[in-house]
>>> print(open('work_1.cif').read())   # mmCIF, C-alpha atoms
data_protein
#
loop_
_atom_site.label_atom_id
_atom_site.label_comp_id
_atom_site.auth_asym_id
_atom_site.auth_seq_id
_atom_site.Cartn_x
_atom_site.Cartn_y
_atom_site.Cartn_z
CA MET A 1 0.00 0.00 0.00
CA SER A 2 1.37 3.41 -0.98
CA LEU A 3 1.21 6.16 1.65
CA VAL A 4 2.23 9.73 2.29
CA ASP A 5 5.58 9.25 4.03
CA HIS A 6 6.82 12.71 4.85
CA LEU A 7 6.65 16.40 4.06
CA VAL A 8 9.94 18.11 3.22
CA VAL A 9 10.67 21.57 4.61
CA LEU A 10 13.88 23.03 3.19
CA ALA A 11 15.89 25.37 5.42
CA PRO A 12 18.93 27.60 4.84
CA SER A 13 20.52 25.93 7.88
CA LEU A 14 19.30 23.38 10.36
CA ALA A 15 19.37 25.96 13.18
CA GLU A 16 17.11 28.25 11.14
CA GLY A 17 14.82 25.29 10.44
CA VAL A 18 14.51 24.53 14.15
CA ALA A 19 13.72 28.18 14.91
CA TRP A 20 11.08 28.21 12.13
CA CYS A 21 9.50 25.08 13.58
CA GLU A 22 9.25 26.54 17.06
CA ALA A 23 7.74 29.77 15.74
CA THR A 24 5.38 28.15 13.23
CA LEU A 25 4.29 24.89 14.83
CA GLY A 26 5.00 25.57 18.48
CA VAL A 27 7.28 22.57 19.01
CA VAL A 28 11.00 21.81 18.98
CA PRO A 29 11.63 19.15 16.31
CA GLY A 30 12.94 15.81 17.46
CA PRO A 31 16.30 14.36 16.51
CA GLY A 32 17.08 13.36 12.96
CA GLY A 33 20.41 12.40 11.47
CA GLU A 34 23.17 12.90 8.95
CA HIS A 35 23.10 11.92 5.27
CA PRO A 36 26.75 11.40 4.29
CA LEU A 37 25.83 10.57 0.70
CA MET A 38 24.19 13.95 0.20
CA GLY A 39 25.97 16.15 2.72
CA THR A 40 22.68 17.05 4.41
CA HIS A 41 21.16 16.66 7.85
CA ASN A 42 17.67 16.88 9.29
CA ARG A 43 15.30 17.08 12.25
CA LEU A 44 11.97 15.24 12.38
CA ILE A 45 8.45 15.56 13.80
CA PRO A 46 5.80 12.82 13.70
CA ILE A 47 2.51 14.03 12.18
CA THR A 48 0.66 10.70 12.03
CA THR A 49 -3.11 10.29 11.94
CA PRO A 50 -5.35 7.36 10.98
CA THR A 51 -5.47 8.82 7.45
CA PHE A 52 -1.68 9.31 7.34
CA PRO A 53 -0.37 6.50 9.58
CA HIS A 54 3.33 6.82 8.68
CA ALA A 55 3.59 10.58 8.14
CA TYR A 56 6.26 12.84 9.56
CA LEU A 57 7.69 16.26 8.78
CA GLU A 58 11.34 16.57 7.82
CA ILE A 59 13.29 19.80 8.20
CA ILE A 60 16.40 19.40 6.04
CA ALA A 61 19.39 21.57 5.19
CA ILE A 62 22.81 21.34 3.64
CA ASN A 63 25.42 20.46 6.24
CA SER A 64 28.13 23.04 5.61
CA GLU A 65 30.68 20.91 7.46
CA ALA A 66 30.12 17.78 5.36
CA VAL A 67 31.40 16.81 1.93
CA PRO A 68 28.85 14.75 -0.05
CA GLN A 69 30.01 11.24 -0.90
CA ARG A 70 28.20 11.29 -4.25
CA ALA A 71 30.05 11.83 -7.51
CA ALA A 72 31.11 15.44 -8.05
CA CYS A 73 28.74 15.76 -11.03
CA ALA A 74 25.71 14.62 -9.01
CA LYS A 75 23.45 17.08 -7.19
CA ARG A 76 21.88 16.87 -3.77
CA TRP A 77 18.29 15.67 -3.50
CA PHE A 78 15.26 18.00 -3.36
CA ASP A 79 16.92 20.62 -5.61
CA LEU A 80 19.07 21.79 -2.69
CA ASP A 81 21.91 22.68 -5.08
CA ASP A 82 19.64 24.73 -7.33
CA GLU A 83 20.56 28.42 -7.17
CA ALA A 84 16.93 29.58 -7.41
CA VAL A 85 15.99 27.34 -4.47
CA GLN A 86 18.94 28.62 -2.45
CA ALA A 87 18.05 32.22 -3.30
CA ARG A 88 14.52 31.69 -2.00
CA LEU A 89 15.86 30.13 1.19
CA ARG A 90 18.13 33.12 1.74
CA THR A 91 15.33 35.65 1.22
CA GLN A 92 12.26 33.82 2.56
CA GLY A 93 13.66 31.23 4.95
CA PRO A 94 12.37 27.69 5.55
CA HIS A 95 9.35 26.51 3.57
CA LEU A 96 7.45 23.43 2.48
CA ALA A 97 9.02 22.35 -0.81
CA HIS A 98 8.32 18.69 -1.50
CA TRP A 99 6.90 15.42 -0.22
CA VAL A 100 7.93 11.79 -0.18
CA ALA A 101 5.66 8.78 -0.70
CA GLU A 102 6.22 5.29 0.68
CA VAL A 103 5.67 2.49 -1.84
CA PRO A 104 5.74 -1.30 -1.32
CA ASP A 105 7.86 -2.02 -4.42
CA LEU A 106 10.15 0.85 -5.40
CA PRO A 107 11.51 -0.56 -8.70
CA ARG A 108 7.99 -1.36 -9.86
CA ALA A 109 6.73 2.12 -8.97
CA LEU A 110 9.63 3.76 -10.81
CA ALA A 111 8.88 1.62 -13.86
CA ALA A 112 5.24 2.74 -13.74
CA LEU A 113 6.33 6.38 -13.78
CA GLY A 114 8.86 5.66 -16.51
CA ALA A 115 6.07 4.27 -18.68
CA GLN A 116 4.49 7.73 -18.48
CA GLY A 117 7.73 9.43 -19.47
CA LEU A 118 8.59 10.53 -15.93
CA ASP A 119 12.12 9.70 -14.78
CA ARG A 120 11.88 9.79 -11.01
CA GLY A 121 15.48 8.59 -10.69
CA ARG A 122 17.25 5.39 -9.80
CA VAL A 123 17.09 3.30 -6.64
CA VAL A 124 19.68 4.29 -4.04
CA ALA A 125 20.18 2.29 -0.84
CA ALA A 126 20.74 4.43 2.26
CA SER A 127 21.00 4.02 6.02
CA ARG A 128 21.83 5.92 9.18
CA PRO A 129 22.51 4.84 12.76
CA THR A 130 19.92 5.54 15.46
CA PRO A 131 19.82 4.69 19.19
CA GLN A 132 17.45 1.86 18.25
CA GLY A 133 19.76 0.43 15.57
CA LEU A 134 20.49 0.98 11.90
CA LEU A 135 17.65 2.55 9.93
CA ARG A 136 17.64 1.33 6.31
CA TRP A 137 15.73 2.47 3.27
CA GLN A 138 15.77 2.69 -0.52
CA ILE A 139 14.93 5.97 -2.19
CA SER A 140 14.55 7.31 -5.73
CA VAL A 141 17.27 9.84 -6.52
CA ARG A 142 18.00 11.71 -9.75
CA ASP A 143 21.59 12.68 -10.46
CA ASP A 144 20.42 16.22 -11.22
CA GLY A 145 18.58 16.41 -7.87
CA GLN A 146 15.34 17.62 -9.45
CA ARG A 147 12.03 17.18 -7.63
CA LEU A 148 9.94 17.27 -10.87
CA LEU A 149 6.60 18.98 -11.46
CA ASP A 150 7.61 21.83 -9.13
CA GLY A 151 7.93 19.49 -6.16
CA CYS A 152 4.40 18.10 -6.54
CA LEU A 153 5.52 14.71 -7.88
CA PRO A 154 6.79 12.87 -4.80
CA THR A 155 10.14 11.28 -4.31
CA LEU A 156 9.53 7.56 -3.68
CA ILE A 157 10.88 5.59 -0.74
CA GLN A 158 10.74 2.01 0.47
CA TRP A 159 11.66 1.35 4.08
CA GLY A 160 13.41 -1.68 5.54
CA ASP A 161 12.19 -3.48 8.64
CA THR A 162 11.63 -0.29 10.65
CA HIS A 163 9.80 2.93 9.86
CA PRO A 164 11.15 6.01 11.65
CA THR A 165 7.77 7.02 13.09
CA GLN A 166 7.82 3.85 15.20
CA THR A 167 10.35 5.43 17.55
CA MET A 168 9.29 9.10 17.37
CA ALA A 169 7.71 10.73 20.43
CA ASP A 170 4.32 12.36 19.86
CA GLN A 171 4.64 16.16 19.83
CA GLY A 172 1.01 17.08 19.33
CA VAL A 173 1.31 17.81 15.59
CA ALA A 174 -0.92 15.96 13.11
CA LEU A 175 -1.35 16.08 9.33
CA GLU A 176 -5.01 16.75 8.54
CA SER A 177 -4.80 17.09 4.75
CA LEU A 178 -2.43 17.32 1.81
CA GLN A 179 -3.53 18.89 -1.45
CA LEU A 180 -1.65 19.45 -4.71
CA THR A 181 -2.22 22.11 -7.36
CA HIS A 182 -0.41 22.14 -10.69
CA PRO A 183 -0.94 23.46 -14.24
CA GLU A 184 -0.29 19.91 -15.50
CA ALA A 185 -2.83 18.41 -13.12
CA GLY A 186 -3.72 15.60 -15.53
CA THR A 187 -0.13 14.42 -15.77
CA LEU A 188 0.28 14.61 -12.00
CA ARG A 189 -3.01 12.76 -11.41
CA GLN A 190 -2.01 9.92 -13.73
CA ALA A 191 1.41 9.64 -12.10
CA LEU A 192 -0.04 9.41 -8.60
CA ASP A 193 -2.61 6.85 -9.71
CA ALA A 194 0.17 4.76 -11.30
CA VAL A 195 1.99 4.39 -7.96
CA GLY A 196 -1.10 3.81 -5.82
CA LEU A 197 -1.69 7.35 -4.52
CA GLY A 198 -5.13 7.90 -5.98
CA GLY A 199 -6.49 9.42 -2.77
CA ILE A 200 -4.33 12.56 -2.90
CA PRO A 201 -6.39 15.54 -4.18
CA VAL A 202 -5.03 17.28 -7.30
CA ARG A 203 -6.35 20.55 -8.71
CA THR A 204 -5.48 22.62 -11.77
CA GLY A 205 -3.74 25.92 -11.07
CA PRO A 206 -0.37 27.42 -10.18
CA ALA A 207 2.04 24.82 -8.78
CA ARG A 208 1.62 24.48 -5.02
CA LEU A 209 1.64 21.98 -2.18
CA GLN A 210 -0.76 22.75 0.65
CA ALA A 211 -0.63 20.87 3.96
CA ARG A 212 -2.98 21.52 6.85
CA LEU A 213 -1.66 20.59 10.30
CA HIS A 214 -3.11 20.49 13.79
CA THR A 215 -0.48 21.91 16.14
CA PRO A 216 -0.15 23.18 19.72
CA ARG A 217 -0.64 26.64 18.18
CA GLY A 218 -3.89 25.57 16.53
CA PRO A 219 -4.48 24.93 12.81
CA VAL A 220 -1.50 25.78 10.59
CA GLU A 221 -1.35 25.67 6.80
CA LEU A 222 1.96 25.24 5.01
CA PHE A 223 2.35 26.20 1.35
CA SER A 224 5.13 25.65 -1.12
#
>>> encode(input="work_1.cif", output="structure tokens")
Amino acid sequence: MSLVDHLVVLAPSLAEGVAWCEATLGVVPGPGGEHPLMGTHNRLIPITTPTFPHAYLEIIAINSEAVPQRAACAKRWFDLDDEAVQARLRTQGPHLAHWVAEVPDLPRALAALGAQGLDRGRVVAASRPTPQGLLRWQISVRDDGQRLLDGCLPTLIQWGDTHPTQTMADQGVALESLQLTHPEAGTLRQALDAVGLGGIPVRTGPARLQARLHTPRGPVELFS
């Protein structure tokens, strides 16, 4: 079964992302980890509900002290090396930029998108240590780092034996809805249907992700 896995909030630095989270959602994000392959690091917040049972929010930034282990010609995920994205982060600060979907069979899902002419990237195996043991996953990564369809087409992930939300402490934040708007709504709708995400609403209009959250500060809407 395919599910919304996590929302991606890009930040100019992890410290700025943490400050944004406290000001916007009213909570301090929980621990995350390092991504040596990409030279990034993150902090995490569970946002699970019965509708979104595995959902969490990821605040991610480039780790200025790390050197990515990927080939020099390859870009970081989520368009983090894109100058326009970095310019927006410098001027506007942290913001919702993308989302990731969990699929039961990553190669098969990528093939389904490929049949529609959408190259979501190749399968990359990744892991990071946690106090509970090694967390393992496979994720779709393009060498150019592009999110595709203005961030509305999700990156795809397949987890190993453990999902990270299983060990996250509840912080009183819950995902109530996720809605996508894009000028190529038909293409986006077909792509989501192909990977088992038919329940995600898609509308025609300017490209935008819209997530509604219940938080200790009350209802909060995040927009890309």
>>> atom_distance(input="work_1.cif", atom1="atom CA of A:Gln166", atom2="atom CA of A:Asp5")
12.6 Å
>>> resolve_selection(input="work_1.cif", expression="the PyMOL selection byres ((chain A and resi 75) around 10)", output="JSON, numbers by chain")
{"A": [38, 68, 70, 71, 72, 73, 74, 76, 77, 78, 79, 80, 81, 82, 141, 142, 143, 144, 145, 146]}
>>> resolve_selection(input="work_1.cif", expression="the PyMOL selection byres ((chain A and resi 191) around 10)", output="VMD selection string")
chain A and resid 109 112 to 118 153 to 154 185 to 190 192 to 198
>>> write_last_selection(input="work_1.cif", atoms="C-alpha atoms", output="short mmCIF file (atom, residue, chain, number, x, y, z; two decimals), in the coordinates of the input")
data_model
loop_
_atom_site.label_atom_id
_atom_site.label_comp_id
_atom_site.auth_asym_id
_atom_site.auth_seq_id
_atom_site.Cartn_x
_atom_site.Cartn_y
_atom_site.Cartn_z
CA ALA A 109 6.73 2.12 -8.97
CA ALA A 112 5.24 2.74 -13.74
CA LEU A 113 6.33 6.38 -13.78
CA GLY A 114 8.86 5.66 -16.51
CA ALA A 115 6.07 4.27 -18.68
CA GLN A 116 4.49 7.73 -18.48
CA GLY A 117 7.73 9.43 -19.47
CA LEU A 118 8.59 10.53 -15.93
CA LEU A 153 5.52 14.71 -7.88
CA PRO A 154 6.79 12.87 -4.80
CA ALA A 185 -2.83 18.41 -13.12
CA GLY A 186 -3.72 15.60 -15.53
CA THR A 187 -0.13 14.42 -15.77
CA LEU A 188 0.28 14.61 -12.00
CA ARG A 189 -3.01 12.76 -11.41
CA GLN A 190 -2.01 9.92 -13.73
CA LEU A 192 -0.04 9.41 -8.60
CA ASP A 193 -2.61 6.85 -9.71
CA ALA A 194 0.17 4.76 -11.30
CA VAL A 195 1.99 4.39 -7.96
CA GLY A 196 -1.10 3.81 -5.82
CA LEU A 197 -1.69 7.35 -4.52
CA GLY A 198 -5.13 7.90 -5.98
#
>>> closest_residue(input="work_1.cif", among="A:Pro31, A:Gly93, A:Pro131, A:Pro53", to="A:Ser13", atoms="all atoms listed in the file")
A:Gly93
>>> resolve_selection(input="work_1.cif", expression="the PyMOL selection byres ((chain A and resi 133) around 12)", output="number ranges by chain")
A: 127-132, 134-136, 161-164, 167
>>> residues_around(input="work_1.cif", residues="A:Val173", least_positions_apart="6", cutoff="7 Å", atoms="all atoms listed in the file", output="PyMOL selection string")
chain A and resi 46-47+213-216
>>> residues_near_point(input="work_1.cif", point="(2.0, 29.9, 8.7)", cutoff="12 Å", atoms="only C-alpha atoms", output="PDB file with C-alpha atoms, keeping the file's coordinate frame")
ATOM      1  CA  TRP A  20      11.080  28.210  12.130  1.00  0.00           C
ATOM      2  CA  CYS A  21       9.500  25.080  13.580  1.00  0.00           C
ATOM      3  CA  GLU A  22       9.250  26.540  17.060  1.00  0.00           C
ATOM      4  CA  ALA A  23       7.740  29.770  15.740  1.00  0.00           C
ATOM      5  CA  THR A  24       5.380  28.150  13.230  1.00  0.00           C
ATOM      6  CA  LEU A  25       4.290  24.890  14.830  1.00  0.00           C
ATOM      7  CA  GLY A  26       5.000  25.570  18.480  1.00  0.00           C
ATOM      8  CA  PRO A  94      12.370  27.690   5.550  1.00  0.00           C
ATOM      9  CA  HIS A  95       9.350  26.510   3.570  1.00  0.00           C
ATOM     10  CA  LEU A  96       7.450  23.430   2.480  1.00  0.00           C
ATOM     11  CA  GLN A 210      -0.760  22.750   0.650  1.00  0.00           C
ATOM     12  CA  ALA A 211      -0.630  20.870   3.960  1.00  0.00           C
ATOM     13  CA  ARG A 212      -2.980  21.520   6.850  1.00  0.00           C
ATOM     14  CA  LEU A 213      -1.660  20.590  10.300  1.00  0.00           C
ATOM     15  CA  HIS A 214      -3.110  20.490  13.790  1.00  0.00           C
ATOM     16  CA  THR A 215      -0.480  21.910  16.140  1.00  0.00           C
ATOM     17  CA  ARG A 217      -0.640  26.640  18.180  1.00  0.00           C
ATOM     18  CA  GLY A 218      -3.890  25.570  16.530  1.00  0.00           C
ATOM     19  CA  PRO A 219      -4.480  24.930  12.810  1.00  0.00           C
ATOM     20  CA  VAL A 220      -1.500  25.780  10.590  1.00  0.00           C
ATOM     21  CA  GLU A 221      -1.350  25.670   6.800  1.00  0.00           C
ATOM     22  CA  LEU A 222       1.960  25.240   5.010  1.00  0.00           C
ATOM     23  CA  PHE A 223       2.350  26.200   1.350  1.00  0.00           C
ATOM     24  CA  SER A 224       5.130  25.650  -1.120  1.00  0.00           C
TER      25      SER A 224
END
>>> closest_residue(input="work_1.cif", among="A:Thr40, A:Thr48, A:Gln86, A:Ser64", to="A:His6", atoms="only C-alpha atoms")
A:Thr48
>>> build_atoms(input="work_1.cif", residues="stretch 86-111 of chain A", atoms="N, CA and C atoms", output="PDB file, in the frame of the given file")
ATOM      1  N   GLN A  86      18.116  28.019  -3.486  1.00  0.00           N
ATOM      2  CA  GLN A  86      18.940  28.620  -2.450  1.00  0.00           C
ATOM      3  C   GLN A  86      18.644  30.111  -2.284  1.00  0.00           C
ATOM      4  N   ALA A  87      18.378  30.804  -3.386  1.00  0.00           N
ATOM      5  CA  ALA A  87      18.050  32.220  -3.300  1.00  0.00           C
ATOM      6  C   ALA A  87      16.755  32.428  -2.519  1.00  0.00           C
ATOM      7  N   ARG A  88      15.775  31.572  -2.753  1.00  0.00           N
ATOM      8  CA  ARG A  88      14.520  31.690  -2.000  1.00  0.00           C
ATOM      9  C   ARG A  88      14.749  31.408  -0.521  1.00  0.00           C
ATOM     10  N   LEU A  89      15.575  30.431  -0.215  1.00  0.00           N
ATOM     11  CA  LEU A  89      15.860  30.130   1.190  1.00  0.00           C
ATOM     12  C   LEU A  89      16.541  31.317   1.871  1.00  0.00           C
ATOM     13  N   ARG A  90      17.441  31.977   1.141  1.00  0.00           N
ATOM     14  CA  ARG A  90      18.130  33.120   1.740  1.00  0.00           C
ATOM     15  C   ARG A  90      17.181  34.288   1.989  1.00  0.00           C
ATOM     16  N   THR A  91      16.219  34.486   1.096  1.00  0.00           N
ATOM     17  CA  THR A  91      15.330  35.650   1.220  1.00  0.00           C
ATOM     18  C   THR A  91      14.063  35.364   2.011  1.00  0.00           C
ATOM     19  N   GLN A  92      13.550  34.130   1.926  1.00  0.00           N
ATOM     20  CA  GLN A  92      12.260  33.820   2.560  1.00  0.00           C
ATOM     21  C   GLN A  92      12.367  32.834   3.711  1.00  0.00           C
ATOM     22  N   GLY A  93      13.491  32.163   3.848  1.00  0.00           N
ATOM     23  CA  GLY A  93      13.660  31.230   4.950  1.00  0.00           C
ATOM     24  C   GLY A  93      13.034  29.875   4.673  1.00  0.00           C
ATOM     25  N   PRO A  94      12.890  29.050   5.703  1.00  0.00           N
ATOM     26  CA  PRO A  94      12.370  27.690   5.550  1.00  0.00           C
ATOM     27  C   PRO A  94      10.968  27.674   4.956  1.00  0.00           C
ATOM     28  N   HIS A  95      10.686  26.640   4.151  1.00  0.00           N
ATOM     29  CA  HIS A  95       9.350  26.510   3.570  1.00  0.00           C
ATOM     30  C   HIS A  95       9.113  25.079   3.109  1.00  0.00           C
ATOM     31  N   LEU A  96       7.844  24.712   3.050  1.00  0.00           N
ATOM     32  CA  LEU A  96       7.450  23.430   2.480  1.00  0.00           C
ATOM     33  C   LEU A  96       7.820  23.414   1.010  1.00  0.00           C
ATOM     34  N   ALA A  97       8.533  22.371   0.568  1.00  0.00           N
ATOM     35  CA  ALA A  97       9.020  22.350  -0.810  1.00  0.00           C
ATOM     36  C   ALA A  97       8.730  21.056  -1.552  1.00  0.00           C
ATOM     37  N   HIS A  98       8.404  19.985  -0.834  1.00  0.00           N
ATOM     38  CA  HIS A  98       8.320  18.690  -1.500  1.00  0.00           C
ATOM     39  C   HIS A  98       7.644  17.697  -0.552  1.00  0.00           C
ATOM     40  N   TRP A  99       7.393  16.498  -1.067  1.00  0.00           N
ATOM     41  CA  TRP A  99       6.900  15.420  -0.220  1.00  0.00           C
ATOM     42  C   TRP A  99       7.434  14.099  -0.734  1.00  0.00           C
ATOM     43  N   VAL A 100       7.407  13.119   0.127  1.00  0.00           N
ATOM     44  CA  VAL A 100       7.930  11.790  -0.180  1.00  0.00           C
ATOM     45  C   VAL A 100       6.829  10.775   0.081  1.00  0.00           C
ATOM     46  N   ALA A 101       6.686   9.815  -0.828  1.00  0.00           N
ATOM     47  CA  ALA A 101       5.660   8.780  -0.700  1.00  0.00           C
ATOM     48  C   ALA A 101       6.312   7.422  -0.482  1.00  0.00           C
ATOM     49  N   GLU A 102       5.752   6.652   0.418  1.00  0.00           N
ATOM     50  CA  GLU A 102       6.220   5.290   0.680  1.00  0.00           C
ATOM     51  C   GLU A 102       5.491   4.323  -0.246  1.00  0.00           C
ATOM     52  N   VAL A 103       6.253   3.481  -0.938  1.00  0.00           N
ATOM     53  CA  VAL A 103       5.670   2.490  -1.840  1.00  0.00           C
ATOM     54  C   VAL A 103       6.151   1.097  -1.445  1.00  0.00           C
ATOM     55  N   PRO A 104       5.346   0.061  -1.709  1.00  0.00           N
ATOM     56  CA  PRO A 104       5.740  -1.300  -1.320  1.00  0.00           C
ATOM     57  C   PRO A 104       6.795  -1.926  -2.215  1.00  0.00           C
ATOM     58  N   ASP A 105       6.899  -1.457  -3.458  1.00  0.00           N
ATOM     59  CA  ASP A 105       7.860  -2.020  -4.420  1.00  0.00           C
ATOM     60  C   ASP A 105       8.433  -0.863  -5.225  1.00  0.00           C
ATOM     61  N   LEU A 106       9.579  -0.346  -4.789  1.00  0.00           N
ATOM     62  CA  LEU A 106      10.150   0.850  -5.400  1.00  0.00           C
ATOM     63  C   LEU A 106      10.494   0.661  -6.877  1.00  0.00           C
ATOM     64  N   PRO A 107      11.203  -0.407  -7.268  1.00  0.00           N
ATOM     65  CA  PRO A 107      11.510  -0.560  -8.700  1.00  0.00           C
ATOM     66  C   PRO A 107      10.252  -0.599  -9.571  1.00  0.00           C
ATOM     67  N   ARG A 108       9.226  -1.277  -9.089  1.00  0.00           N
ATOM     68  CA  ARG A 108       7.990  -1.360  -9.860  1.00  0.00           C
ATOM     69  C   ARG A 108       7.323   0.008  -9.992  1.00  0.00           C
ATOM     70  N   ALA A 109       7.329   0.790  -8.920  1.00  0.00           N
ATOM     71  CA  ALA A 109       6.730   2.120  -8.970  1.00  0.00           C
ATOM     72  C   ALA A 109       7.499   3.035  -9.914  1.00  0.00           C
ATOM     73  N   LEU A 110       8.823   2.947  -9.892  1.00  0.00           N
ATOM     74  CA  LEU A 110       9.630   3.760 -10.810  1.00  0.00           C
ATOM     75  C   LEU A 110       9.375   3.376 -12.261  1.00  0.00           C
ATOM     76  N   ALA A 111       9.192   2.080 -12.508  1.00  0.00           N
ATOM     77  CA  ALA A 111       8.880   1.620 -13.860  1.00  0.00           C
ATOM     78  C   ALA A 111       7.526   2.157 -14.315  1.00  0.00           C
TER      79      ALA A 111
END
